[in-house]
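Have a look at the structure below before the remarks.
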Amino acid sequence: MTTKLFGEPVRRREDARLITGKGRYLDDIGHRALAAAFVRSPHAHARIVDIDVEPALDVEGLVAIYTYEDLTGPLAEPLPVLIPHPQLTAPRTGYPLANGEVNHVGEPIVMVVATDRYLAEDAAERIVVTYEELPVVVGVDAARAAEHTVHEEIPDNVAARHHQETGDVEPALASAPHTLSFTQYIERSACTPMEGKGVHARWDADDSSLRVYTSTQASTSVRAAIAAKLELSLDAVEVIAPDVGGGFGVKIVHPWPEELLVPMAAIALGQEVKWAEDRREHFISSAHERQQRQEVTVGYDDDGRITALDVHIWHDNGAYTPYGIIVPIITATQLVGPYAIPVYRVVVESVYTNTVIVTPYRGAGRPQGCYAMERTMDRIADALGLDRALVRERNLIQPDQFPYDHRLTFQDGRPVIYDSGDYPGLLDKLRTLVGWEQAETLRADAEARGRLLGVGMALYVEGTGPGPYEGGHVQVLGSGKVLVSTGLTSQGQGHETAFAQIVASELGVPIEDVEVTTGDTRRFGYAVGTFASRAAVMSGNAIALAARGVREKALRIAADVLEADPGDLEIEEGVVQVKGTPGASIPLRTVAVLSNPLRYAFDEAAKQATQFAGPGDDSKPPVAEGDAPGLEHRDYYSPIRSTFASGAHAAIVEIDPTTWEIDVVKYAVVHDCGNVVNPMIVEGQVHGGVAQGIGGALYERMAYDDSGQLQNASFMDFLMPYASEIPDVVIDHQQTPSPLNPLGLKGAGEAGVIPGTAAIASAIEDATGRRIASMPISPTELYDLMRSPDSEQTAAAARRARTGVSA
Amino acid sequence: MTSVDTERTITVTVNGVPRETTVPVRRLLSDALRHDLGLTGTHVGCEHGVCGACTVLVDGAPMRSCLVLAVQVDGASVETVEGLARVDHQGGQVLHPVQEAFRECHALQCGFCTPGFLMTIKAGLENRDASADLTEEEVDEMVGGNLCRCTGYANIKKAVHHAAAAMKDAQ
């Protein structure tokens with residue numbers, strides 16, 4: 001049956017164009033457009049003394065040069081703080097073009113517009129900016145020490161002090177049978193989608209309307225931002241996300257300066273203007289994430305059960321806080337993972353540094369939280385001489401404890417109440433999948449080959465599908481085509497396929513007839529965006545509800561025509577029929593024609609429909625009260641709170657004790673995202689997430705030097721994994737449907753990346769017997785650690801040495 | 001000093017069709033293909049020759065079109081992703097086995113790196129003895145110079161095997 005496609009590994013509908021070169025990404029649009037290029041700050045912290053554009057003026061093809069002085073009205077004000085929070089006491093944002101001061105390398109200062117990109121760059125490099133350099137703050141420790149400030153009027157460099165507690169942690173720690181404390185670090189990485197950002201704007205002077213294409217994760221919000229900042233009526237602005245070459249979070253930030261400046265120039269010049277970010281620009285002026293210093297104190301009993309947890313985190317938020325404290329809140333609240341923690345206190349101090357802004361990157365604070373919690377579990381196990389899996393098992397929330405209230409407040413302002421899950425089930429499956437019990441045998445085998453082997457695991461719970469809402473619109477045309485739209489955007493997640501599967505299943509139509517549009521404000525004006533693993537949960541359910549509305553109307557109209565009860569009708573393969581009565585049927589496309597009382601016989605569909613059209617009741621209006629012409633329905637899904645997906649990962653690493661090269665030789669994933677729309681797509685998401693997790697654990701970092709220069713701002717130096725770095729990933733599934741939404745979905749987009757750093761750190765520690773407290777770790781760093789007299793040996797390694805078991 | 005470059009008129013056979021275009025001498029092949037010839041299927045991911053997204057075949061050999069000047073391919077034959085599928089006698093599109101394999105194996109997500117992978121793998125598979133079994137090492141070598149941020153590579157490697165099997169069967 002082709003119409004019941006929910007849950008099937010349907011091949012992707014977007015692929016036909018993407019494998020033939022017919023995708024349409026930002027820079028594929030607007031060949032006649034003028035090109036914009038930017039002069040960006042080469043200094044991490046400086047006052048701008050002078051901008052001399054004179055030398056650029058004779059560059060042929062130069063059209064315009066803009067500095068802060070050219071910005072007017074709301075555009076001359078600081079960029080918005082998108083998500084204010086009472087604990088964000090000292091928010092700061094930059095200006096679209098720097099206003100007298102720059103706070104990170106890469107901050108835009110001048111926009112040049114020319115007839116082509118080469119000429120725009122020629123002009124940009126001739127512009128001379130004179131700076132007075134200021135002291136630079138790089139890294140959480142320097143920010144915390146506050147010898148220098150990023151923003152003069154914020155002497156402690158603290159933007160926010162986020163604090164939550166579920167009880168009185170100090171007495172709980174004092175009465176704990178055991179306590180331990182430790183400090184650890186995690187470094188920056190970044191989304192680095194293969195396509196950078198980009199904006200194309202076209203102003204229609206005849207009707208005073210603006211069309212903007214932007215490589216964004218939130219086209220409706222970019223539209224609102226442009227309208228507000230350029231003082232245009234919302235209805236005069238259309239924003240479209242075309243094919244987007246990956247996002248992973250960086251494109252949810254909005255408005256990026258360029259999303260305002262490019263339209264501004266298009267309006268001012270009356271010509272199309274385009275900017276396509278280059279790779280270095282992306283590294284130095286788009287967002288990063290992940291750097292934290294974490295101080296953990298935990299109280300626990302003889303069995304390894306946690307009695308109290310106290311966590312103090314310093315979070316590097318970069319130079320500005322346009323995205324508020326979403327990442328710190330997520331770290332704070334997702335840290336507890338699948339565990340029942342009787343008393344928990346967390347403080348996250350979000351601090352300014354003279355580096356690129358920090359906003360969500362796939363996982364968005366969760367990898368850090370998972371790293372803190374899971375490494376705590378490892379330390380408890382080590383101190384007690386217990387199996388690491390056993391300590392985790394003893395602390396897990398049990399299946400009969402759902403809904404489980406952590407008494408915390410999530411990023412969406414709603415309580416952290418887990419909807420459903422089976423965490424012991426995850427752990428059992430993981431132990432089997434990775435061969436946890438065979439680790440000692442594997443270790444001995446590896447040792448015989450002259451290699452150190454270790455195994456590590458990490459569990460997580462991920463709040464997915466936060467509100468406030470998404471919408472869906474479904475319309476059946478007289479041709480039989482079913483148009484579906486939703487406002488959120490796509491960056492490769494296969495929404496055109498997954499949403500079409502939902503509609504085909506709900507409505508009973510062939511998937512070939514369904515066409516899905518996302519991220520186009522012309523089609524759907526209200527949306528939040530694609531982030532936080534929310535697209536399937538939010539738009540998937542909204543679209544399902546819209547399809548159900550269409551179905552209901554179709555059955556009502558068809559019931560009239562077929563003189564049947566709507567309850568006796570079914571829709572199969574796009575045909576409405578009386579159940580069990582062959583021949584008593586009407587095609588859905590005909591129902592669509594009948595749904596509109598005005599139908600000129602433009603086409604065969606309309607002609608055919610006339611045979612079904614009844615004489616009508618003269619005493620009633622052609623469109624009944626409360627009804628509307630057309631076979632379409634719009635609906636919204638707005639959840640009371642997030643769903644909570646979960647998973648468990650394990651890594652086996654082998655280390656060469658000569659080169660200290662670290663190979664992940666096996667990576668196991670058990671994944672639970674509730675009901676699954678398309679398992680092929682979900683597995684693809686897991687694969688991609690795991691690769692980013694491994695990258696973040698072993699290869700990727702943002703190598704800022706003390707002067708705030710990013711030393712590895714290219715793919716040559718930023719070690720994004722190639723195929724050679726990614727091992728085979730084995731995946732097992734568990735499904736605990738969410739009771740919160742009609743389709744029982746939980747999000748899947750970010751899951752794969754979350755536990756990578758924690759699991760791999762654990763495995764390296766297990767292999768080497770040395771405490772791993774800073775991630776990512778390179779072979780050089782591991783070599784230094786192994787040679788350092790200060791490196792801490794694990795208790796497990798000491799026990800192995802005593803018992804003669806290989807370490 | 002003027003910023004206008006000396007221009008050259010070049011003739012390049014692109015996807016089997018001779019094309020003549022006048023370009024500044026500093027114009028990258030990637031930009032010439034995309035913006036002068038309108039073949040936007042070739043994508044630019046890094047502009048420093050590392051990511052492989054812009055890979056095209058020049059006289060059959062995979063090359064990073066962001067590291068080649070357009071004037072350097074004067075007289076050469078260039079294949080891009082737009083030329084990968086062929087047209088059958090009825091005018092229908094027949095996908096190359098590598099394209100088929102990518103769709104079948106879910107070897108792409110956002111699709112931005114995909115054209116570079118497709119061209120690289122096409123050259124890799126066509127420049128080997130199709131009757132020999134494809135080893136895992138060969139696959140790693142074949143795709144090991146292209147970056148993908150979405151897929152984690154597993155399905156790309158699967159697609160290489162899938163395409164190789166299809167090409168072997170077609171022999």
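Scheme for the structure tokens: letters A, B, ... for chains in order shown; per-chain residue numbers from 1; ligand numbers from 1 in order shown.
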
Exercise for review: Within 10 Å of Leu97 of chain A, counting only C-alpha atoms, which residues show up once you throw out same-chain ones fewer than 3 positions away? Write them as a VMD selection string, please.
Suggested key: chain A and resid 38 to 40 66 to 71 75 to 76 78 to 79 94 100 to 102 107 to 111 257 to 258 261

Point to revise | Within 6 Å of chain A: residues of chain B, using only C-alpha atoms, as a VMD selection string | key: chain B and resid 3 40 to 41 45 to 46 81 to 82 99 109 to 112 144 147 150 to 153

Practice item. Can you work out the spacing between atom CA of Pro629 of chain A and atom CA of Pro597 of chain A in Å, to one decimal? Key: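 Interatomic distance here is 7.0 Å.
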
Review point. Which of these residues is nearest to Ala527 of chain A, using only C-alpha atoms: A:Leu173, A:Ile777, A:Val222, A:Leu386?
Key: A:Val222

Point to revise | DSSP strand (DSSP E or B) residues within segment 438-547 of chain A, listed as a count of residues only | key: 31

Exercise for review: Please provide as number ranges by chain all residues within 12 Å of Lys168 of chain B, with the sequence filter that same-chain residues fewer than 6 positions apart are discarded (counting only C-alpha atoms).
Suggested key: B: 97, 125-126, 128-134, 161-162

Resulting file, chosen residues, C-alpha atoms, as a CSV table (one decimal), in the first residue's frame:
```
chain,number,residue,atom,x,y,z
B,97,PRO,CA,25.1,4.7,-11.5
B,125,LEU,CA,35.2,4.1,-10.6
B,126,GLU,CA,35.7,4.7,-14.3
B,128,ARG,CA,39.7,1.3,-12.4
B,129,ASP,CA,39.1,-2.2,-13.6
B,130,ALA,CA,35.3,-2.5,-13.1
B,131,SER,CA,35.5,-6.3,-13.0
B,132,ALA,CA,37.7,-6.3,-9.9
B,133,ASP,CA,36.1,-6.4,-6.5
B,134,LEU,CA,36.2,-3.0,-4.9
B,161,HIS,CA,30.1,0.0,-3.4
B,162,HIS,CA,26.5,0.2,-4.7
```

Point to revise | helix (DSSP H, G or I) residues, from DSSP on the backbone, in chain B, as a ChimeraX atom specification | key: /B:29-36,70-73,81-83,97-104,114-126,136-143,154-169

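The shortest atom-to-atom distance to Val347 of chain A, with only C-alpha atoms taken into account, belongs to A:Gln164 out of A:Ser485, A:Ser791, A:Thr768, A:Gln164.
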
Point to revise | Distance in Å - atom CA of Pro639 of chain A versus atom CA of Gly467 of chain A | key: 6.0 Å

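Closest approach to Pro84 of chain A among A:Ile655, A:Val53, A:Ile586, A:Ala159 is made by A:Ala159 (distances from only C-alpha atoms).
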
Exercise for review: Considering only C-alpha atoms, state which residue in the set B:Val143, B:Leu28, B:Cys66, B:Met167 is at the smallest distance from Gly49 of chain B.
Suggested key: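 Answer, going by the shortest atom-to-atom distance: B:Cys66.
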
Exercise for review: Could you check how far atom CA of Val273 of chain A sits from atom CA of Asp204 of chain A, in Å to one decimal?
Suggested key: 12.5 Å

Practice item. For Ala145 of chain A, work out the shell of residues within 12 Å, counting only C-alpha atoms and skipping chain neighbours fewer than 3 positions away, then give it as an MDAnalysis selection string. Key: chainID A and resid 137:142 148:149 155:158 314 351:353

Check your understanding: Got a sec: who's within 8 Å of segment 213-219 of chain A, counting only C-alpha atoms, leaving out chain neighbours fewer than 3 positions off, as a PyMOL selection string?
Key -> chain A and resi 25-26+196-201+222-223+239-245+247+249+251-254+259+487-491+519-521+527-531

Emit the selected residues as a PDB file, in the first residue's frame, including C-alpha atoms.
```
ATOM      1  CA  TYR A  25      21.497  27.392  -3.182  1.00  0.00           C
ATOM      2  CA  LEU A  26      21.963  31.020  -2.313  1.00  0.00           C
ATOM      3  CA  GLY A 196      28.452  29.416   4.289  1.00  0.00           C
ATOM      4  CA  LYS A 197      25.888  32.091   4.851  1.00  0.00           C
ATOM      5  CA  GLY A 198      24.612  34.238   2.022  1.00  0.00           C
ATOM      6  CA  VAL A 199      21.972  36.833   1.219  1.00  0.00           C
ATOM      7  CA  HIS A 200      20.402  38.028  -2.015  1.00  0.00           C
ATOM      8  CA  ALA A 201      17.993  40.982  -2.070  1.00  0.00           C
ATOM      9  CA  VAL A 222      14.485  37.222   9.237  1.00  0.00           C
ATOM     10  CA  ARG A 223      11.494  38.759   7.483  1.00  0.00           C
ATOM     11  CA  VAL A 239      11.974  36.014   2.716  1.00  0.00           C
ATOM     12  CA  ILE A 240      12.803  32.670   1.221  1.00  0.00           C
ATOM     13  CA  ALA A 241      15.273  30.053   2.346  1.00  0.00           C
ATOM     14  CA  PRO A 242      16.330  28.337  -0.891  1.00  0.00           C
ATOM     15  CA  ASP A 243      18.218  25.035  -0.774  1.00  0.00           C
ATOM     16  CA  VAL A 244      20.489  25.491   2.219  1.00  0.00           C
ATOM     17  CA  GLY A 245      23.844  23.727   2.332  1.00  0.00           C
ATOM     18  CA  GLY A 247      23.024  24.783   9.047  1.00  0.00           C
ATOM     19  CA  GLY A 249      22.650  26.047  14.300  1.00  0.00           C
ATOM     20  CA  LYS A 251      21.978  29.890  10.525  1.00  0.00           C
ATOM     21  CA  ILE A 252      19.325  30.128  13.252  1.00  0.00           C
ATOM     22  CA  VAL A 253      20.964  33.315  14.479  1.00  0.00           C
ATOM     23  CA  HIS A 254      19.169  36.281  12.965  1.00  0.00           C
ATOM     24  CA  GLU A 259      20.744  40.028   6.281  1.00  0.00           C
ATOM     25  CA  GLY A 487       7.128  27.985   7.670  1.00  0.00           C
ATOM     26  CA  LEU A 488      10.186  26.343   9.132  1.00  0.00           C
ATOM     27  CA  THR A 489      13.175  25.768   6.937  1.00  0.00           C
ATOM     28  CA  SER A 490      15.248  22.818   5.690  1.00  0.00           C
ATOM     29  CA  GLN A 491      18.992  22.346   5.582  1.00  0.00           C
ATOM     30  CA  GLY A 519      10.861  28.238   4.659  1.00  0.00           C
ATOM     31  CA  ASP A 520       9.072  30.469   2.158  1.00  0.00           C
ATOM     32  CA  THR A 521       7.166  33.326   3.770  1.00  0.00           C
ATOM     33  CA  ALA A 527       6.951  29.927  12.014  1.00  0.00           C
ATOM     34  CA  VAL A 528       9.654  29.678  14.610  1.00  0.00           C
ATOM     35  CA  GLY A 529      12.479  27.892  12.818  1.00  0.00           C
ATOM     36  CA  THR A 530      14.529  24.770  12.443  1.00  0.00           C
ATOM     37  CA  PHE A 531      16.616  24.169  15.557  1.00  0.00           C
TER      38      PHE A 531
END
```

Point to revise | Surrounding residues of Thr13 of chain B excluding itself and chain neighbours under 5 positions, 7 Å, only C-alpha atoms, as a ChimeraX atom specification | key: /B:18-19,76-78
